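*Asks:* File protein_11.txt below, compact mmCIF, C-alpha atoms:
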```
# COMPACT_ATOMS: atom_id res chain seq x y z
CA MET A 52 34.74 14.10 4.26
CA LYS A 53 32.69 11.50 6.08
CA TYR A 54 32.07 8.47 3.90
CA ARG A 55 30.15 5.32 4.63
CA THR A 56 30.51 2.55 2.08
CA ARG A 57 28.36 -0.45 2.86
CA PRO A 58 25.37 -2.19 1.33
CA ALA A 59 22.46 0.19 1.74
CA VAL A 60 20.08 -2.51 0.61
CA ARG A 61 21.63 -5.90 1.23
CA LYS A 62 20.83 -8.95 -0.83
CA SER A 63 18.31 -11.25 0.80
CA PRO A 64 17.08 -14.81 0.15
CA LEU A 65 13.68 -13.32 -0.69
CA SER A 66 14.60 -11.25 -3.70
CA ALA A 67 13.08 -7.91 -4.46
CA PHE A 68 10.80 -8.81 -7.34
CA LEU A 69 9.02 -12.12 -7.75
CA LEU A 70 7.32 -12.66 -11.09
CA LEU A 71 4.70 -15.39 -11.19
CA LEU A 72 3.83 -16.02 -14.84
CA THR A 73 0.91 -18.12 -16.03
CA ALA A 74 0.59 -19.14 -19.67
CA GLY A 75 -2.41 -18.24 -21.78
CA LEU A 76 -4.84 -20.80 -23.18
CA VAL A 77 -3.03 -20.85 -26.51
CA THR A 78 0.54 -20.11 -27.58
CA GLY A 79 1.77 -16.55 -27.48
CA CYS A 80 1.38 -13.66 -29.88
CA GLY A 81 3.42 -13.28 -33.03
CA GLY A 82 6.90 -11.80 -33.25
CA GLY A 83 7.90 -8.19 -33.28
CA SER A 84 8.25 -5.70 -30.50
CA GLY A 85 6.13 -3.07 -28.92
CA GLY A 86 5.68 -1.12 -25.72
CA ASP A 87 1.95 -1.37 -25.14
CA ALA A 88 0.81 -2.27 -21.66
CA ALA A 89 -0.60 -5.77 -21.34
CA PRO A 90 -4.37 -5.78 -20.87
CA LEU A 91 -5.40 -6.54 -17.32
CA GLY A 92 -8.60 -8.27 -18.29
CA GLY A 93 -6.92 -11.13 -20.14
CA ASN A 94 -7.90 -13.07 -23.27
CA ASP A 95 -7.14 -16.39 -24.94
CA ASP A 96 -3.57 -15.32 -25.79
CA THR A 97 -2.55 -14.08 -22.36
CA GLY A 98 -1.97 -15.23 -18.81
CA THR A 99 -1.33 -13.52 -15.49
CA ALA A 100 1.94 -12.08 -14.18
CA LEU A 101 1.99 -11.44 -10.45
CA ILE A 102 4.85 -9.18 -9.41
CA THR A 103 5.68 -8.77 -5.73
CA LEU A 104 8.09 -6.35 -4.10
CA THR A 105 10.24 -6.71 -0.98
CA ASP A 106 13.63 -5.70 0.34
CA ALA A 107 16.32 -6.42 2.93
CA GLU A 108 17.31 -4.21 5.82
CA GLY A 109 19.50 -1.23 4.92
CA ASP A 110 20.97 2.05 6.16
CA PHE A 111 18.43 4.53 4.81
CA ALA A 112 15.72 6.19 6.88
CA ALA A 113 13.68 6.64 3.68
CA TYR A 114 14.16 5.57 0.06
CA ALA A 115 11.00 6.61 -1.78
CA VAL A 116 11.13 6.60 -5.59
CA ASP A 117 8.67 6.23 -8.46
CA ILE A 118 8.55 2.95 -10.38
CA THR A 119 7.41 4.03 -13.84
CA SER A 120 7.76 0.80 -15.82
CA ILE A 121 8.38 -2.93 -15.46
CA THR A 122 8.74 -4.69 -18.80
CA LEU A 123 9.37 -8.29 -19.80
CA GLU A 124 11.15 -9.25 -23.03
CA ARG A 125 10.20 -12.38 -24.95
CA ALA A 126 12.69 -14.31 -27.08
CA ASP A 127 11.02 -13.06 -30.28
CA GLY A 128 11.65 -9.45 -29.23
CA THR A 129 8.16 -8.71 -27.94
CA ILE A 130 8.24 -6.19 -25.08
CA VAL A 131 5.41 -6.49 -22.58
CA GLU A 132 4.64 -3.65 -20.15
CA THR A 133 3.28 -4.99 -16.86
CA LEU A 134 2.49 -1.72 -15.05
CA PRO A 135 -0.75 0.14 -15.84
CA ASN A 136 0.39 3.21 -13.87
CA ARG A 137 3.49 4.53 -12.17
CA ALA A 138 3.72 3.79 -8.45
CA ARG A 139 5.68 5.44 -5.65
CA ILE A 140 7.52 2.98 -3.40
CA ASP A 141 9.56 3.46 -0.22
CA PHE A 142 11.96 0.53 -0.13
CA THR A 143 12.67 0.98 3.58
CA GLN A 144 9.10 -0.18 4.26
CA TYR A 145 9.79 -3.63 2.79
CA VAL A 146 12.35 -4.96 5.24
CA ASP A 147 10.06 -7.54 6.85
CA LEU A 148 7.39 -8.08 4.22
CA THR A 149 6.60 -8.27 0.54
CA GLU A 150 3.89 -6.35 -1.30
CA MET A 151 1.90 -7.58 -4.27
CA PHE A 152 2.77 -4.98 -6.87
CA THR A 153 0.77 -5.84 -9.97
CA ALA A 154 -1.23 -8.62 -11.62
CA ALA A 155 -0.79 -8.09 -15.36
CA GLN A 156 -1.66 -10.23 -18.37
CA VAL A 157 1.32 -11.42 -20.44
CA PRO A 158 1.56 -13.48 -23.64
CA SER A 159 2.83 -17.04 -23.21
CA GLY A 160 6.30 -17.84 -24.53
CA VAL A 161 9.98 -17.78 -23.57
CA TYR A 162 11.14 -14.68 -21.69
CA VAL A 163 14.81 -13.74 -21.82
CA GLY A 164 14.90 -10.53 -19.81
CA GLY A 165 13.21 -7.29 -18.92
CA ALA A 166 13.72 -3.85 -17.43
CA ILE A 167 12.59 -1.70 -14.53
CA THR A 168 12.56 2.10 -14.78
CA ILE A 169 12.93 4.18 -11.60
CA ASP A 170 12.31 7.93 -11.50
CA TYR A 171 14.40 9.79 -8.90
CA THR A 172 13.16 13.25 -9.93
CA SER A 173 10.93 13.69 -6.87
CA SER A 174 12.56 11.02 -4.71
CA ASP A 175 12.66 11.19 -0.93
CA VAL A 176 15.97 9.63 0.11
CA GLN A 177 17.02 10.23 3.71
CA VAL A 178 20.12 9.09 5.61
CA GLU A 179 21.08 9.34 9.25
CA VAL A 180 23.45 12.14 10.25
CA ASP A 181 24.31 12.39 13.95
CA GLY A 182 21.25 10.33 14.80
CA GLU A 183 18.82 12.40 12.73
CA ALA A 184 17.23 11.58 9.37
CA VAL A 185 18.38 14.10 6.75
CA PRO A 186 17.24 14.36 3.09
CA ALA A 187 20.03 13.43 0.67
CA ALA A 188 20.83 14.08 -2.98
CA VAL A 189 21.19 10.92 -5.08
CA GLN A 190 23.75 10.94 -7.89
CA ASP A 191 25.41 8.49 -10.26
CA LYS A 192 29.11 7.62 -10.20
CA ASP A 193 29.85 10.61 -12.47
CA GLY A 194 28.26 13.07 -10.06
CA ASN A 195 25.06 13.63 -12.05
CA LEU A 196 21.80 13.86 -10.13
CA LEU A 197 19.63 10.91 -11.02
CA GLY A 198 16.44 11.37 -13.02
CA GLU A 199 14.95 8.31 -14.71
CA TYR A 200 17.13 5.24 -14.37
CA THR A 201 16.45 1.99 -16.24
CA LEU A 202 17.75 -1.26 -14.78
CA ARG A 203 17.95 -4.06 -17.32
CA VAL A 204 17.57 -7.77 -16.64
CA ARG A 205 19.09 -10.51 -18.78
CA LEU A 206 18.59 -14.23 -18.21
CA GLU A 207 21.18 -16.83 -19.14
CA ASP A 208 20.09 -19.51 -21.63
CA GLN A 209 19.73 -22.12 -18.91
CA ASP A 210 17.58 -19.75 -16.85
CA ARG A 211 15.24 -18.44 -19.52
CA LEU A 212 11.70 -18.14 -18.29
CA VAL A 213 9.44 -20.54 -20.16
CA VAL A 214 5.71 -19.83 -19.82
CA ARG A 215 3.53 -22.59 -21.26
CA ARG A 216 -0.16 -23.33 -21.25
CA GLY A 217 -1.12 -24.52 -17.77
CA LEU A 218 2.46 -24.19 -16.47
CA PRO A 219 3.09 -21.26 -14.11
CA ALA A 220 6.68 -20.01 -14.05
CA LEU A 221 8.51 -18.26 -11.24
CA LEU A 222 11.20 -15.59 -11.54
CA GLU A 223 12.98 -13.84 -8.70
CA ILE A 224 14.73 -10.52 -9.33
CA ASP A 225 17.07 -9.14 -6.69
CA PHE A 226 16.68 -5.36 -6.66
CA ASP A 227 20.05 -4.30 -5.27
CA LEU A 228 20.59 -0.51 -5.21
CA ASP A 229 24.22 -1.23 -5.97
CA ALA A 230 26.02 -3.56 -3.62
CA SER A 231 27.76 -0.48 -2.24
CA HIS A 232 26.20 2.95 -1.73
CA ARG A 233 28.65 5.68 -0.84
CA VAL A 234 27.20 8.25 1.53
CA ASP A 235 29.02 11.55 2.01
CA THR A 236 27.61 13.35 5.06
CA THR A 237 29.97 16.35 4.83
CA PRO A 238 27.98 18.51 2.38
CA SER A 239 24.50 19.79 3.00
CA PRO A 240 22.47 17.97 1.83
CA PRO A 241 24.38 14.67 2.16
CA VAL A 242 25.23 12.98 -1.13
CA VAL A 243 24.38 9.36 -1.94
CA THR A 244 26.30 7.91 -4.88
CA THR A 245 24.79 4.79 -6.40
CA ALA A 246 24.50 2.70 -9.54
CA PRO A 247 21.55 0.33 -9.08
CA PHE A 248 21.39 -2.99 -10.87
CA LEU A 249 19.25 -6.14 -10.98
CA ILE A 250 20.14 -9.82 -10.64
CA ALA A 251 17.61 -12.34 -11.95
CA ASP A 252 17.31 -15.97 -10.93
CA ILE A 253 14.76 -18.75 -11.32
CA GLY A 254 14.53 -20.15 -7.81
CA PRO A 255 11.25 -21.42 -6.40
CA VAL A 256 10.39 -20.88 -2.76
CA ASP A 257 7.73 -22.66 -0.71
CA GLU A 258 5.90 -19.57 0.47
CA LYS A 259 6.23 -15.82 0.83
CA ASP A 260 4.76 -13.37 3.33
CA LEU A 261 2.75 -10.77 1.42
CA ARG A 262 0.69 -7.64 1.82
CA ILE A 263 -2.27 -7.13 -0.51
CA ARG A 264 -3.84 -3.67 -0.88
CA GLY A 265 -6.80 -2.53 -2.91
CA PRO A 266 -10.52 -1.71 -2.99
CA LEU A 267 -13.03 -4.52 -2.55
CA VAL A 268 -14.63 -5.94 -5.69
CA SER A 269 -16.75 -8.76 -4.26
CA VAL A 270 -17.04 -11.34 -1.47
CA ASP A 271 -17.44 -15.08 -2.12
CA PHE A 272 -18.92 -16.76 0.96
CA ASP A 273 -18.86 -20.25 -0.60
CA ASP A 274 -15.10 -20.06 -1.22
CA THR A 275 -14.49 -17.93 1.92
CA SER A 276 -12.59 -15.35 -0.08
CA TYR A 277 -12.85 -11.85 -1.48
CA ASP A 278 -11.52 -10.13 -4.61
CA VAL A 279 -9.77 -6.76 -4.86
CA LYS A 280 -8.28 -4.46 -7.46
CA LEU A 281 -4.61 -4.19 -6.56
CA ARG A 282 -3.29 -0.76 -5.59
CA PRO A 283 0.25 -1.06 -4.21
CA TRP A 284 1.81 1.08 -1.49
CA HIS A 285 -0.76 3.78 -0.64
CA ARG A 286 -2.16 4.56 -4.09
CA ARG A 287 -5.65 6.07 -4.04
CA ASP A 288 -6.46 5.26 -7.67
CA GLY A 289 -5.54 2.96 -10.53
CA ASP A 290 -6.11 -0.72 -11.24
CA PHE A 291 -3.02 -2.92 -11.00
CA GLY A 292 -5.01 -6.07 -11.66
CA PRO A 293 -7.41 -8.46 -9.90
CA PHE A 294 -6.41 -10.57 -6.91
CA THR A 295 -8.17 -13.08 -4.65
CA VAL A 296 -7.67 -13.11 -0.87
CA ASN A 297 -8.54 -16.37 0.88
CA VAL A 298 -9.82 -16.33 4.46
CA THR A 299 -9.77 -19.00 7.19
CA ASP A 300 -11.42 -19.24 10.61
CA GLU A 301 -8.18 -17.85 12.05
CA THR A 302 -8.08 -14.74 9.85
CA GLU A 303 -8.40 -11.65 12.04
CA PHE A 304 -10.35 -8.66 10.67
CA GLU A 305 -10.55 -5.05 11.78
CA VAL A 306 -13.44 -3.41 9.94
CA ASP A 307 -14.24 0.22 10.75
CA GLY A 308 -12.45 -0.24 14.07
CA THR A 309 -14.34 -3.39 15.10
CA GLN A 310 -12.60 -6.75 15.41
CA TYR A 311 -13.92 -9.94 13.80
CA SER A 312 -12.59 -13.32 12.71
CA GLY A 313 -13.22 -15.69 9.81
CA ALA A 314 -16.67 -15.70 8.20
CA GLU A 315 -17.89 -13.00 10.58
CA GLY A 316 -15.23 -10.70 9.18
CA LEU A 317 -16.25 -11.52 5.62
CA ARG A 318 -19.84 -10.59 6.43
CA ALA A 319 -18.72 -7.26 7.92
CA LEU A 320 -16.57 -6.60 4.86
CA ASN A 321 -19.41 -7.46 2.49
CA ALA A 322 -21.75 -5.08 4.33
CA LEU A 323 -19.46 -2.15 3.45
CA GLY A 324 -19.77 -2.93 -0.26
CA ALA A 325 -17.62 -2.68 -3.36
CA GLY A 326 -14.94 0.01 -3.34
CA THR A 327 -14.17 -0.40 0.37
CA PRO A 328 -10.40 -0.02 0.95
CA THR A 329 -8.67 -3.16 2.25
CA VAL A 330 -5.20 -4.19 3.36
CA ALA A 331 -4.42 -7.87 3.98
CA GLN A 332 -1.26 -9.53 5.24
CA GLY A 333 -0.68 -13.24 4.97
CA THR A 334 1.11 -15.97 3.04
CA LEU A 335 1.35 -16.87 -0.63
CA ASN A 336 1.53 -20.61 -1.27
CA VAL A 337 3.79 -20.50 -4.32
CA GLU A 338 3.01 -24.04 -5.47
CA ALA A 339 -0.76 -23.51 -5.38
CA ARG A 340 -0.53 -19.79 -6.29
CA GLU A 341 -2.99 -19.02 -3.49
CA PHE A 342 -2.85 -16.22 -0.93
CA THR A 343 -4.33 -16.69 2.55
CA ALA A 344 -4.76 -13.68 4.83
CA ALA A 345 -3.71 -13.72 8.48
CA THR A 346 -5.02 -10.18 9.10
CA VAL A 347 -7.34 -7.86 7.16
CA LEU A 348 -7.96 -4.13 7.65
CA ALA A 349 -10.99 -2.60 5.95
CA GLY A 350 -12.97 0.62 5.82
CA ASP A 351 -11.74 3.41 8.08
CA SER A 352 -9.25 1.00 9.69
CA VAL A 353 -7.09 1.41 6.57
CA PRO A 354 -4.47 4.16 7.11
CA GLY A 355 -5.25 7.36 5.23
CA HIS A 356 -8.90 6.55 4.49
CA ASP A 357 -11.01 8.42 7.06
CA TYR A 358 -8.12 9.21 9.42
CA ASP A 359 -4.61 10.52 9.02
CA ALA A 360 -2.10 7.83 9.97
CA VAL A 361 1.32 7.67 11.61
CA ILE A 362 3.23 4.38 11.40
CA GLY A 363 6.47 4.05 13.35
CA ASN A 364 8.13 3.10 16.65
CA VAL A 365 7.43 4.58 20.09
CA VAL A 366 10.75 5.89 21.44
CA ALA A 367 9.48 7.98 24.37
CA ARG A 368 6.34 8.50 26.43
CA LYS A 369 5.41 11.15 28.98
CA ASN A 370 1.90 10.77 30.36
CA ASP A 371 -0.37 10.96 27.30
CA THR A 372 2.28 12.20 24.87
CA LEU A 373 4.10 9.73 22.62
CA GLN A 374 7.22 10.32 20.55
CA VAL A 375 7.13 8.18 17.40
CA ARG A 376 10.35 7.82 15.44
CA GLY A 377 10.98 6.75 11.86
CA ALA A 378 7.38 7.48 10.99
CA THR A 379 5.57 7.06 7.70
CA ILE A 380 2.80 9.66 7.42
CA VAL A 381 -0.31 8.67 5.45
CA PRO A 382 -2.62 11.71 5.29
CA LYS A 383 -6.26 11.55 4.24
CA SER A 384 -5.27 13.71 1.29
CA GLY A 385 -1.89 14.39 -0.24
CA SER A 386 1.21 12.25 -0.62
CA VAL A 387 2.73 9.77 1.79
CA VAL A 388 5.81 11.28 3.43
CA PHE A 389 8.50 10.31 5.94
CA ASN A 390 8.92 12.29 9.15
CA ASP A 391 11.67 11.27 11.55
CA ASN A 392 9.95 12.34 14.78
CA VAL A 393 6.23 12.75 15.47
CA GLU A 394 4.56 13.88 18.69
CA VAL A 395 1.23 12.11 19.26
CA THR A 396 -1.31 13.01 21.93
CA ILE A 397 -3.57 10.23 23.20
CA GLY A 398 -6.33 10.22 25.82
CA PRO A 399 -8.98 8.16 27.65
CA GLU A 400 -11.10 7.90 24.48
CA THR A 401 -8.23 6.56 22.36
CA ILE A 402 -9.03 3.01 21.23
CA VAL A 403 -6.14 0.53 21.48
CA THR A 404 -6.11 -2.82 19.67
CA LYS A 405 -3.66 -5.66 19.11
CA ALA A 406 -4.02 -8.87 17.12
CA GLY A 407 -4.97 -11.76 19.35
CA ARG A 408 -6.17 -9.65 22.29
CA PRO A 409 -9.78 -8.72 23.12
CA ARG A 410 -10.65 -5.01 22.94
CA ASP A 411 -11.67 -4.87 26.61
CA ASP A 412 -8.32 -6.37 27.65
CA ILE A 413 -6.13 -3.54 26.33
CA ASP A 414 -5.96 0.25 26.67
CA THR A 415 -3.53 3.17 26.43
CA ASP A 416 -1.57 1.88 29.45
CA ASP A 417 -0.35 -0.94 27.20
CA ILE A 418 1.47 1.49 24.87
CA SER A 419 5.14 1.35 25.80
CA ILE A 420 8.56 2.36 24.50
CA GLY A 421 9.88 0.13 21.74
CA GLN A 422 6.53 -0.84 20.28
CA ARG A 423 5.73 -0.62 16.59
CA VAL A 424 2.44 1.26 16.22
CA ARG A 425 -0.10 2.35 13.63
CA ILE A 426 -1.91 5.43 14.92
CA LEU A 427 -5.06 6.91 13.37
CA GLY A 428 -5.97 10.49 14.25
CA THR A 429 -5.74 14.05 12.96
CA ILE A 430 -2.48 15.67 11.87
CA THR A 431 -2.30 19.17 13.33
CA SER A 432 0.84 20.45 11.55
CA ASP A 433 2.39 20.32 8.08
CA PRO A 434 3.42 16.66 7.49
CA ALA A 435 6.23 17.77 5.17
CA LEU A 436 7.94 19.78 7.94
CA PRO A 437 9.88 18.62 11.02
CA GLY A 438 8.12 18.64 14.36
CA LEU A 439 4.96 16.92 13.15
CA LYS A 440 2.10 16.64 15.65
CA MET A 441 -0.97 14.40 15.71
CA ASP A 442 -4.07 14.44 17.87
CA ALA A 443 -5.25 10.88 18.53
CA THR A 444 -7.36 11.62 21.60
CA GLU A 445 -10.39 10.39 19.64
CA GLY A 446 -8.42 8.09 17.38
CA ARG A 447 -6.97 4.60 17.46
CA VAL A 448 -3.65 2.92 18.18
CA ARG A 449 -2.87 -0.50 16.74
CA LEU A 450 0.01 -2.30 18.49
CA LYS A 451 2.12 -4.59 16.32
```
Let me see whether you can do it: turn the structure in this file into structure tokens.
*Replies:*
Amino acid sequence: MKYRTRPAVRKSPLSAFLLLLTAGLVTGCGGGSGGDAAPLGGNDDTGTALITLTDAEGDFAAYAVDITSITLERADGTIVETLPNRARIDFTQYVDLTEMFTAAQVPSGVYVGGAITIDYTSSDVQVEVDGEAVPAAVQDKDGNLLGEYTLRVRLEDQDRLVVRRGLPALLEIDFDLDASHRVDTTPSPPVVTTAPFLIADIGPVDEKDLRIRGPLVSVDFDDTSYDVKLRPWHRRDGDFGPFTVNVTDETEFEVDGTQYSGAEGLRALNALGAGTPTVAQGTLNVEAREFTAATVLAGDSVPGHDYDAVIGNVVARKNDTLQVRGATIVPKSGSVVFNDNVEVTIGPETIVTKAGRPRDDIDTDDISIGQRVRILGTITSDPALPGLKMDATEGRVRLK
């Protein structure tokens, strides 16, 4: 048997879940327990919980699972559900960034723990075997295939999360898929044995790099900001709560394939109207609880909106044919999937962009081996099968 025992998802200083809790205008609800989801609109007895998701580098090519529940437990036994809908997450996509997961309303009070439920039933877990990504079966230490798995969080007395009126509280939860995954590559499919657990800590940080996804709600020119309804990962529906994205003169926009900056980008975004898909990356100032975007994609520049998308690394190029490895496939319709190798055809009409460079200063000759790319085009084969092909001769390539 070939075993590899090492941290598949190593602990990082930026823990996997960051809960930012803001107290309501009055003290919390009465005692008792319940499992109802917290209302996203808010009222005088609730505040906002912002939950972000990130991860450290690991050994998996793909680790896509469904998060079905994230609950918080108050000292009086009240259970607060923070997720309005289940969400599919690929943890391998969060090595270098954090994603805003939900903005839920929670009662004020003292929180002593919580739980996260993960559904492995339709998971896509892939490991490398002889240099190729191969789907694996995930089992617990007793050899049972994992279905729903609930990870519980308990806080020590000195670390209990106190949420008061006007006093935001910060909680970091390290999502460690067991400090040691055991991968057996002998059987087909390979077997991954794991027992995930969570470690919670109250440890403020100065700032965090974030990604904010969701359809546009409105643009505020006076405050140079815009509001969205959060939709994490690549969800096409649902409302995971409201969120404000601040913009500066340095914020770079790509709206329907056209580049803008600052207020000009806000005007272009506003012209598309409410419901326009957006993806912003930038920094959360934890002390001020404000997010400022460095880059914003909107309209058909968002992967999977009007174009199929391939996101990965260029490992080979021959003339106008690219080989993209470790690719996330975001189709216009259907589910996001992982495909280890994708062949992409480009041409003279392919538009190439890169942050900080003018459009007329870059073209397909600038695409080289080793680059991280986001390619928009048309998938011409089944994305769930090996040997995926994409036609981007009339599409776009974004260099990262």
*Asks:* I'd like to know which of A:Ala115, A:Leu450, A:Val163, A:Leu123 is closest to A:Arg410, using all atoms listed in the file.
*Replies:* A:Leu450
*Asks:* Go through A:Thr153, A:Thr346, A:Thr309, A:Thr334 one by one, measure the shortest atom-to-atom distance of each to A:Gly265 using only C-alpha atoms, and give the residue with the smallest value.
*Replies:*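 Residue with the minimum atom-to-atom distance to A:Gly265: A:Thr153.
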*Asks:* Skip A:Val330 itself and residues of its chain fewer than 2 positions away, then list as number ranges by chain all residues within 6 Å of it, counting all atoms listed in the file.
*Replies:* A: 263-264, 347-348
*Asks:* Got a sec: who's within 10 Å of A:Asp141, counting all atoms listed in the file, leaving out chain neighbours fewer than 2 positions off, as a short mmCIF file (atom, residue, chain, number, x, y, z; two decimals) with C-alpha atoms, keeping the file's coordinate frame?
*Replies:*
```cif
data_model
loop_
_atom_site.label_atom_id
_atom_site.label_comp_id
_atom_site.auth_asym_id
_atom_site.auth_seq_id
_atom_site.Cartn_x
_atom_site.Cartn_y
_atom_site.Cartn_z
CA ALA A 112 15.72 6.19 6.88
CA ALA A 113 13.68 6.64 3.68
CA TYR A 114 14.16 5.57 0.06
CA ALA A 115 11.00 6.61 -1.78
CA VAL A 116 11.13 6.60 -5.59
CA ASP A 117 8.67 6.23 -8.46
CA ARG A 139 5.68 5.44 -5.65
CA THR A 143 12.67 0.98 3.58
CA GLN A 144 9.10 -0.18 4.26
CA TYR A 145 9.79 -3.63 2.79
CA SER A 174 12.56 11.02 -4.71
CA ASP A 175 12.66 11.19 -0.93
CA VAL A 176 15.97 9.63 0.11
CA TRP A 284 1.81 1.08 -1.49
CA THR A 379 5.57 7.06 7.70
CA VAL A 387 2.73 9.77 1.79
CA VAL A 388 5.81 11.28 3.43
CA PHE A 389 8.50 10.31 5.94
#
```
*Asks:* Rank A:Asp433, A:Ala187, A:Asp357, A:Asp260 by their smallest atom-to-atom distance to A:Val337, using all atoms listed in the file, and report the top residue only.
*Replies:*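 Selected residue with least distance to A:Val337: A:Asp260.
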*Asks:* Of the residues A:Arg137, A:His232, A:His285, A:Arg376, which is the one nearest to A:Gly182, using only C-alpha atoms?
*Replies:*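 Of all the options, A:Arg376 lies closest to A:Gly182.
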*Asks:* Pick out the residues sitting within 8 Å of A:Arg125, and hand them over as an mmCIF file with C-alpha atoms, in the coordinates of the input; count all atoms listed in the file, and ignore anything fewer than 4 positions along from it in its own chain.
*Replies:*
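Resulting contents of selection37.cif:
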```cif
data_model
loop_
_atom_site.group_PDB
_atom_site.id
_atom_site.type_symbol
_atom_site.label_atom_id
_atom_site.label_comp_id
_atom_site.auth_asym_id
_atom_site.auth_seq_id
_atom_site.Cartn_x
_atom_site.Cartn_y
_atom_site.Cartn_z
ATOM 1 C CA THR A 129 8.160 -8.710 -27.940
ATOM 2 C CA ILE A 130 8.240 -6.190 -25.080
ATOM 3 C CA VAL A 131 5.410 -6.490 -22.580
ATOM 4 C CA GLY A 160 6.300 -17.840 -24.530
ATOM 5 C CA VAL A 161 9.980 -17.780 -23.570
ATOM 6 C CA TYR A 162 11.140 -14.680 -21.690
ATOM 7 C CA VAL A 163 14.810 -13.740 -21.820
ATOM 8 C CA GLY A 164 14.900 -10.530 -19.810
#
```
*Asks:* For A:Thr122, work out the shell of residues within 9 Å, counting all atoms listed in the file and skipping chain neighbours fewer than 6 positions away, then give it as number ranges by chain.
*Replies:* A: 86, 88, 130-134, 164-168
*Asks:* Return the single residue from A:Pro293, A:Pro399, A:Gly428, A:Gly128 that is closest to A:His356, with distances computed using all atoms listed in the file.
*Replies:*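 Ranked by minimum distance to A:His356, first place goes to A:Gly428.
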*Asks:* Need to verify the contact set: A:Lys280, 7 Å, only C-alpha atoms, exclusion of same-chain residues closer than 2 positions in sequence. Can you return it as a list in words?
*Replies:* Gly265, Pro266, Leu267, Val268, Arg282, Asp290, Phe291, Gly292, Pro293 and Phe294 of chain A
*Asks:* Using only C-alpha atoms, find the one residue out of A:Thr415, A:Thr295, A:Thr396, A:Gln190 that sits nearest to A:Ala154.
*Replies:*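 Nearest to A:Ala154: A:Thr295.
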*Asks:* Measure the distance from atom CA of A:Asn390 to atom CA of A:Ile413 in Å and round it to one decimal.
*Replies:*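 Taking atom CA of A:Asn390 and atom CA of A:Ile413, their separation equals 27.8 Å.
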*Asks:* What is the atom CA of A:Ile118-atom CA of A:Leu197 distance in Å, reported with one decimal?
*Replies:*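 Spanning atom CA of A:Ile118 to atom CA of A:Leu197 is a straight-line distance of 13.7 Å.
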*Asks:* Between atom CA of A:Asn370 and atom CA of A:Asp417, what is the distance in Å, rounded to a tenth?
*Replies:*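 Between atom CA of A:Asn370 and atom CA of A:Asp417 the gap works out to 12.3 Å.
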